[in-house]
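Next comes protein-v6.tsv, with TSV, C-alpha atoms.
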```tsv
chain	number	residue	atom	x	y	z
A	1	MET	CA	33.84	-120.46	41.02
A	2	ASN	CA	36.73	-121.35	38.71
A	3	THR	CA	40.33	-122.13	39.69
A	4	SER	CA	41.74	-118.68	38.92
A	5	GLU	CA	39.10	-117.03	41.12
A	6	ILE	CA	40.01	-119.32	44.04
A	7	VAL	CA	43.72	-118.59	43.46
A	8	GLY	CA	42.93	-114.85	43.41
A	9	ILE	CA	40.93	-115.04	46.66
A	10	ILE	CA	43.74	-116.95	48.44
A	11	ALA	CA	46.23	-114.36	47.10
A	12	GLY	CA	44.11	-111.42	48.27
A	13	ILE	CA	43.48	-112.86	51.74
A	14	ALA	CA	47.16	-113.76	52.28
A	15	THR	CA	48.66	-110.43	51.13
A	16	THR	CA	46.05	-108.44	53.08
A	17	ALA	CA	46.41	-110.59	56.22
A	18	SER	CA	50.22	-110.36	56.05
A	19	PHE	CA	50.04	-106.82	57.48
A	20	VAL	CA	48.30	-108.05	60.65
A	21	PRO	CA	51.41	-109.64	62.27
A	22	GLN	CA	53.50	-106.52	61.50
A	23	ALA	CA	50.86	-104.15	62.92
A	24	TYR	CA	50.52	-106.41	65.99
A	25	LYS	CA	54.31	-106.48	66.49
A	26	VAL	CA	54.42	-102.67	66.32
A	27	TYR	CA	51.46	-102.44	68.72
A	28	LYS	CA	53.12	-104.77	71.24
A	29	THR	CA	56.73	-103.55	71.08
A	30	LYS	CA	56.22	-99.90	70.01
A	31	ARG	CA	59.45	-100.46	68.08
A	32	THR	CA	59.59	-99.25	64.48
A	33	HIS	CA	63.28	-98.43	64.08
A	34	ASP	CA	64.01	-101.03	61.37
A	35	LEU	CA	60.85	-100.24	59.40
A	36	SER	CA	61.25	-97.97	56.39
A	37	ALA	CA	59.08	-94.81	56.52
A	38	GLY	CA	59.54	-94.64	52.73
A	39	MET	CA	58.02	-98.09	52.33
A	40	PHE	CA	54.87	-97.39	54.34
A	41	THR	CA	54.41	-93.89	52.84
A	42	LEU	CA	54.68	-95.15	49.26
A	43	LEU	CA	52.54	-98.17	50.12
A	44	ALA	CA	49.76	-95.99	51.63
A	45	PHE	CA	49.87	-93.79	48.49
A	46	GLY	CA	49.62	-96.87	46.25
A	47	LEU	CA	46.81	-98.41	48.30
A	48	ILE	CA	44.74	-95.19	47.98
A	49	PHE	CA	45.10	-95.58	44.20
A	50	TRP	CA	44.11	-99.29	44.40
A	51	LEU	CA	41.06	-98.18	46.38
A	52	MET	CA	40.17	-95.60	43.69
A	53	TYR	CA	40.70	-98.30	41.06
A	54	GLY	CA	38.38	-100.67	42.93
A	55	ILE	CA	35.70	-97.98	43.26
A	56	GLN	CA	35.93	-97.12	39.54
A	57	LYS	CA	35.68	-100.81	38.61
A	58	GLU	CA	33.01	-101.43	41.31
A	59	ALA	CA	35.10	-104.39	42.45
A	60	VAL	CA	34.09	-105.12	46.06
A	61	SER	CA	37.00	-107.51	46.75
A	62	ILE	CA	39.59	-104.92	45.61
A	63	ILE	CA	37.87	-102.23	47.71
A	64	PHE	CA	37.70	-104.49	50.78
A	65	ALA	CA	41.27	-105.91	50.61
A	66	ASN	CA	42.86	-102.51	50.01
A	67	SER	CA	40.79	-100.76	52.71
A	68	VAL	CA	41.99	-103.27	55.32
A	69	THR	CA	45.62	-103.05	54.14
A	70	LEU	CA	45.43	-99.23	54.07
A	71	VAL	CA	44.19	-99.05	57.69
A	72	LEU	CA	47.00	-101.38	58.88
A	73	THR	CA	49.61	-99.50	56.79
A	74	LEU	CA	48.50	-96.11	58.15
A	75	TYR	CA	48.61	-97.47	61.71
A	76	ILE	CA	52.21	-98.70	61.18
A	77	LEU	CA	53.17	-95.38	59.52
A	78	ILE	CA	51.70	-93.29	62.37
A	79	MET	CA	53.53	-95.45	64.94
A	80	LYS	CA	56.74	-95.07	62.90
A	81	ILE	CA	56.40	-91.25	62.97
A	82	LYS	CA	55.44	-91.26	66.68
A	83	HIS	CA	58.18	-93.68	67.88
A	84	LYS	CA	61.13	-92.52	65.78
B	1	MET	CA	44.05	-95.67	27.94
B	2	ASN	CA	41.14	-94.75	30.21
B	3	THR	CA	41.26	-93.16	33.68
B	4	SER	CA	40.84	-96.38	35.66
B	5	GLU	CA	43.75	-98.00	33.77
B	6	ILE	CA	46.00	-95.01	34.60
B	7	VAL	CA	44.89	-95.19	38.26
B	8	GLY	CA	45.63	-98.93	38.26
B	9	ILE	CA	49.11	-98.43	36.77
B	10	ILE	CA	49.97	-95.72	39.37
B	11	ALA	CA	48.67	-98.06	42.12
B	12	GLY	CA	50.71	-101.03	40.84
B	13	ILE	CA	53.93	-99.02	40.45
B	14	ALA	CA	53.60	-97.40	43.92
B	15	THR	CA	52.79	-100.59	45.87
B	16	THR	CA	55.51	-102.56	44.05
B	17	ALA	CA	58.11	-99.76	44.42
B	18	SER	CA	57.28	-99.36	48.12
B	19	PHE	CA	59.30	-102.49	48.91
B	20	VAL	CA	62.48	-100.95	47.43
B	21	PRO	CA	63.19	-98.53	50.36
B	22	GLN	CA	62.59	-101.35	52.90
B	23	ALA	CA	64.88	-103.78	51.05
B	24	TYR	CA	67.51	-101.03	50.71
B	25	LYS	CA	67.28	-100.20	54.44
B	26	VAL	CA	67.76	-103.88	55.31
B	27	TYR	CA	70.67	-104.12	52.84
B	28	LYS	CA	72.41	-101.06	54.33
B	29	THR	CA	71.77	-101.63	58.05
B	30	LYS	CA	71.48	-105.46	58.15
B	31	ARG	CA	68.92	-104.75	60.89
B	32	THR	CA	65.61	-106.64	60.74
B	33	HIS	CA	64.68	-106.87	64.43
B	34	ASP	CA	61.48	-104.80	64.19
B	35	LEU	CA	60.30	-106.53	61.01
B	36	SER	CA	57.70	-109.27	61.42
B	37	ALA	CA	58.80	-112.66	60.01
B	38	GLY	CA	55.08	-113.54	59.92
B	39	MET	CA	54.36	-110.59	57.65
B	40	PHE	CA	57.02	-111.38	55.07
B	41	THR	CA	56.27	-115.14	55.12
B	42	LEU	CA	52.54	-114.63	54.58
B	43	LEU	CA	53.25	-111.91	52.01
B	44	ALA	CA	55.59	-114.19	50.01
B	45	PHE	CA	52.94	-116.93	50.11
B	46	GLY	CA	50.27	-114.49	48.88
B	47	LEU	CA	52.50	-113.07	46.15
B	48	ILE	CA	53.14	-116.59	44.78
B	49	PHE	CA	49.34	-116.96	44.49
B	50	TRP	CA	49.08	-113.51	42.79
B	51	LEU	CA	51.76	-114.70	40.36
B	52	MET	CA	49.79	-117.90	39.63
B	53	TYR	CA	46.66	-115.76	39.19
B	54	GLY	CA	48.50	-113.47	36.74
B	55	ILE	CA	49.80	-116.47	34.75
B	56	GLN	CA	46.29	-118.03	34.59
B	57	LYS	CA	44.80	-114.70	33.44
B	58	GLU	CA	47.79	-114.03	31.12
B	59	ALA	CA	48.00	-110.57	32.72
B	60	VAL	CA	51.54	-109.31	32.12
B	61	SER	CA	51.27	-106.35	34.53
B	62	ILE	CA	50.12	-108.61	37.42
B	63	ILE	CA	52.93	-111.08	36.63
B	64	PHE	CA	55.54	-108.29	36.45
B	65	ALA	CA	54.46	-106.34	39.57
B	66	ASN	CA	54.19	-109.45	41.75
B	67	SER	CA	57.48	-110.95	40.51
B	68	VAL	CA	59.34	-107.77	41.53
B	69	THR	CA	57.56	-107.60	44.91
B	70	LEU	CA	58.20	-111.33	45.52
B	71	VAL	CA	61.96	-110.96	44.89
B	72	LEU	CA	62.16	-107.98	47.30
B	73	THR	CA	60.00	-109.76	49.91
B	74	LEU	CA	62.11	-112.95	49.74
B	75	TYR	CA	65.29	-110.86	50.09
B	76	ILE	CA	63.89	-109.15	53.24
B	77	LEU	CA	62.70	-112.52	54.61
B	78	ILE	CA	66.10	-114.20	54.04
B	79	MET	CA	67.85	-111.27	55.75
B	80	LYS	CA	65.35	-111.51	58.63
B	81	ILE	CA	66.17	-115.21	59.11
B	82	LYS	CA	69.94	-114.58	58.71
B	83	HIS	CA	70.17	-111.55	61.03
B	84	LYS	CA	67.85	-112.62	63.83
```
Reformat the file's structure so that it appears as structure tokens.
Amino acid sequence: MNTSEIVGIIAGIATTASFVPQAYKVYKTKRTHDLSAGMFTLLAFGLIFWLMYGIQKEAVSIIFANSVTLVLTLYILIMKIKHK
Amino acid sequence: MNTSEIVGIIAGIATTASFVPQAYKVYKTKRTHDLSAGMFTLLAFGLIFWLMYGIQKEAVSIIFANSVTLVLTLYILIMKIKHK
């Protein structure tokens, strides 16, 4: 594994994992007032396209990272709609 | 330009642009209570690694998308720390 692959893996893990503390905070507090519905809607839309991109390229890491982020993003978005 | 490139460009624009409504909401309301500091810290860390990855791969679109997202993420994080 070369340096750029390691850097890419760290990048992918960190940006994907970053949605865990936000989803957990929403789960615990049920508070979503300061979150932007526009952000999570546009993000979910973009992640679906990243997923399609990963499938077309047969890139397992892109498919995996974006699937996880999409699930967390949709959870936050649903909670945002539910707890307006 | 083939289909997967177009899908990738839509994905990159949407996920990058998704941070604009959140940054704008924070700018307007100065409210960051429901945002997770952990999310934006881990995200900034990951985006720096995506930026390094883009530089190593000489991939202009990765460099551009992650620079924009990093600036927006750092703005949200600074506001989060400032308006606790």
What are the coordinates of chain A as a short mmCIF file (atom, residue, chain, number, x, y, z; two decimals) with C-alpha atoms, keeping the file's coordinate frame following a least-squares fit to chain B on all in-order C-alpha atoms?
```cif
data_model
loop_
_atom_site.label_atom_id
_atom_site.label_comp_id
_atom_site.auth_asym_id
_atom_site.auth_seq_id
_atom_site.Cartn_x
_atom_site.Cartn_y
_atom_site.Cartn_z
CA MET A 1 44.03 -95.63 27.95
CA ASN A 2 41.10 -94.75 30.21
CA THR A 3 41.24 -93.16 33.68
CA SER A 4 40.84 -96.40 35.64
CA GLU A 5 43.75 -97.99 33.76
CA ILE A 6 46.00 -95.02 34.60
CA VAL A 7 44.87 -95.19 38.25
CA GLY A 8 45.63 -98.94 38.26
CA ILE A 9 49.11 -98.43 36.77
CA ILE A 10 49.97 -95.73 39.35
CA ALA A 11 48.66 -98.07 42.10
CA GLY A 12 50.71 -101.02 40.84
CA ILE A 13 53.93 -99.03 40.44
CA ALA A 14 53.60 -97.40 43.89
CA THR A 15 52.80 -100.58 45.87
CA THR A 16 55.52 -102.55 44.05
CA ALA A 17 58.11 -99.76 44.42
CA SER A 18 57.27 -99.35 48.12
CA PHE A 19 59.31 -102.49 48.90
CA VAL A 20 62.48 -100.96 47.43
CA PRO A 21 63.19 -98.54 50.35
CA GLN A 22 62.60 -101.34 52.90
CA ALA A 23 64.88 -103.79 51.05
CA TYR A 24 67.52 -101.03 50.71
CA LYS A 25 67.28 -100.20 54.44
CA VAL A 26 67.77 -103.88 55.31
CA TYR A 27 70.68 -104.12 52.85
CA LYS A 28 72.40 -101.06 54.35
CA THR A 29 71.78 -101.64 58.07
CA LYS A 30 71.48 -105.46 58.18
CA ARG A 31 68.92 -104.76 60.89
CA THR A 32 65.62 -106.65 60.75
CA HIS A 33 64.69 -106.88 64.42
CA ASP A 34 61.48 -104.81 64.19
CA LEU A 35 60.30 -106.53 61.00
CA SER A 36 57.72 -109.28 61.41
CA ALA A 37 58.80 -112.67 59.99
CA GLY A 38 55.08 -113.54 59.91
CA MET A 39 54.37 -110.57 57.66
CA PHE A 40 57.02 -111.38 55.06
CA THR A 41 56.27 -115.14 55.12
CA LEU A 42 52.54 -114.62 54.59
CA LEU A 43 53.24 -111.91 52.02
CA ALA A 44 55.60 -114.18 50.01
CA PHE A 45 52.93 -116.93 50.10
CA GLY A 46 50.27 -114.48 48.89
CA LEU A 47 52.51 -113.06 46.16
CA ILE A 48 53.15 -116.59 44.78
CA PHE A 49 49.36 -116.94 44.48
CA TRP A 50 49.09 -113.50 42.78
CA LEU A 51 51.77 -114.69 40.36
CA MET A 52 49.78 -117.89 39.64
CA TYR A 53 46.67 -115.75 39.20
CA GLY A 54 48.50 -113.48 36.74
CA ILE A 55 49.79 -116.47 34.76
CA GLN A 56 46.30 -118.03 34.60
CA LYS A 57 44.80 -114.72 33.46
CA GLU A 58 47.80 -114.03 31.15
CA ALA A 59 47.99 -110.58 32.72
CA VAL A 60 51.54 -109.30 32.13
CA SER A 61 51.25 -106.35 34.55
CA ILE A 62 50.12 -108.62 37.42
CA ILE A 63 52.94 -111.08 36.63
CA PHE A 64 55.54 -108.29 36.45
CA ALA A 65 54.46 -106.34 39.59
CA ASN A 66 54.18 -109.45 41.74
CA SER A 67 57.48 -110.94 40.51
CA VAL A 68 59.34 -107.77 41.53
CA THR A 69 57.57 -107.59 44.91
CA LEU A 70 58.20 -111.32 45.51
CA VAL A 71 61.96 -110.95 44.89
CA LEU A 72 62.18 -107.97 47.30
CA THR A 73 60.00 -109.76 49.90
CA LEU A 74 62.12 -112.93 49.74
CA TYR A 75 65.30 -110.86 50.09
CA ILE A 76 63.90 -109.16 53.23
CA LEU A 77 62.70 -112.53 54.61
CA ILE A 78 66.10 -114.21 54.04
CA MET A 79 67.86 -111.27 55.75
CA LYS A 80 65.36 -111.50 58.62
CA ILE A 81 66.16 -115.22 59.10
CA LYS A 82 69.92 -114.61 58.72
CA HIS A 83 70.15 -111.55 61.05
CA LYS A 84 67.77 -112.59 63.83
#
```
Between chain B and chain A, at 7 Å or less, what are the per-residue closest atom pairs and their distances in Å? Count all atoms listed in the file, order by chain and rising residue number, and return it as a tab-separated table.
```
residue	atom	partner	partner_atom	distance
B:Ser4	CA	A:Tyr53	CA	5.7
B:Val7	CA	A:Tyr53	CA	5.9
B:Gly8	CA	A:Tyr53	CA	5.7
B:Ile10	CA	A:Phe49	CA	6.9
B:Ala11	CA	A:Gly46	CA	4.4
B:Gly12	CA	A:Gly46	CA	6.9
B:Ala14	CA	A:Gly46	CA	4.6
B:Thr15	CA	A:Leu43	CA	4.9
B:Ser18	CA	A:Met39	CA	4.5
B:Phe19	CA	A:Met39	CA	5.7
B:Pro21	CA	A:Met39	CA	5.6
B:Gln22	CA	A:Ser36	CA	5.0
B:Lys25	CA	A:Ser36	CA	6.7
B:Arg31	CA	A:Asp34	CA	6.2
B:Thr32	CA	A:Asp34	CA	5.9
B:His33	CA	A:Asp34	CA	6.6
B:Asp34	CA	A:Asp34	CA	5.3
B:Leu35	CA	A:Leu35	CA	6.5
B:Ser36	CA	A:Gln22	CA	5.0
B:Gly38	CA	A:Pro21	CA	5.8
B:Met39	CA	A:Ser18	CA	4.4
B:Phe40	CA	A:Ser18	CA	6.9
B:Leu42	CA	A:Ser18	CA	5.1
B:Leu43	CA	A:Thr15	CA	4.9
B:Phe45	CA	A:Ala14	CA	6.9
B:Gly46	CA	A:Ala11	CA	4.4
B:Leu47	CA	A:Ala11	CA	6.5
B:Phe49	CA	A:Ala11	CA	4.8
B:Trp50	CA	A:Ala11	CA	5.2
B:Tyr53	CA	A:Gly8	CA	5.7
B:Gln56	CA	A:Ser4	CA	6.3
```
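Counting from atom CA of A:Lys28, the distance to atom CA of A:Met79 is 11.3 Å.
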Interatomic distance, atom CA of A:Tyr27 to atom CA of A:His83 (Å, one decimal): 11.1 Å
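Atom CA of B:Ala65 is positioned 16.1 Å from atom CA of A:Ile62.
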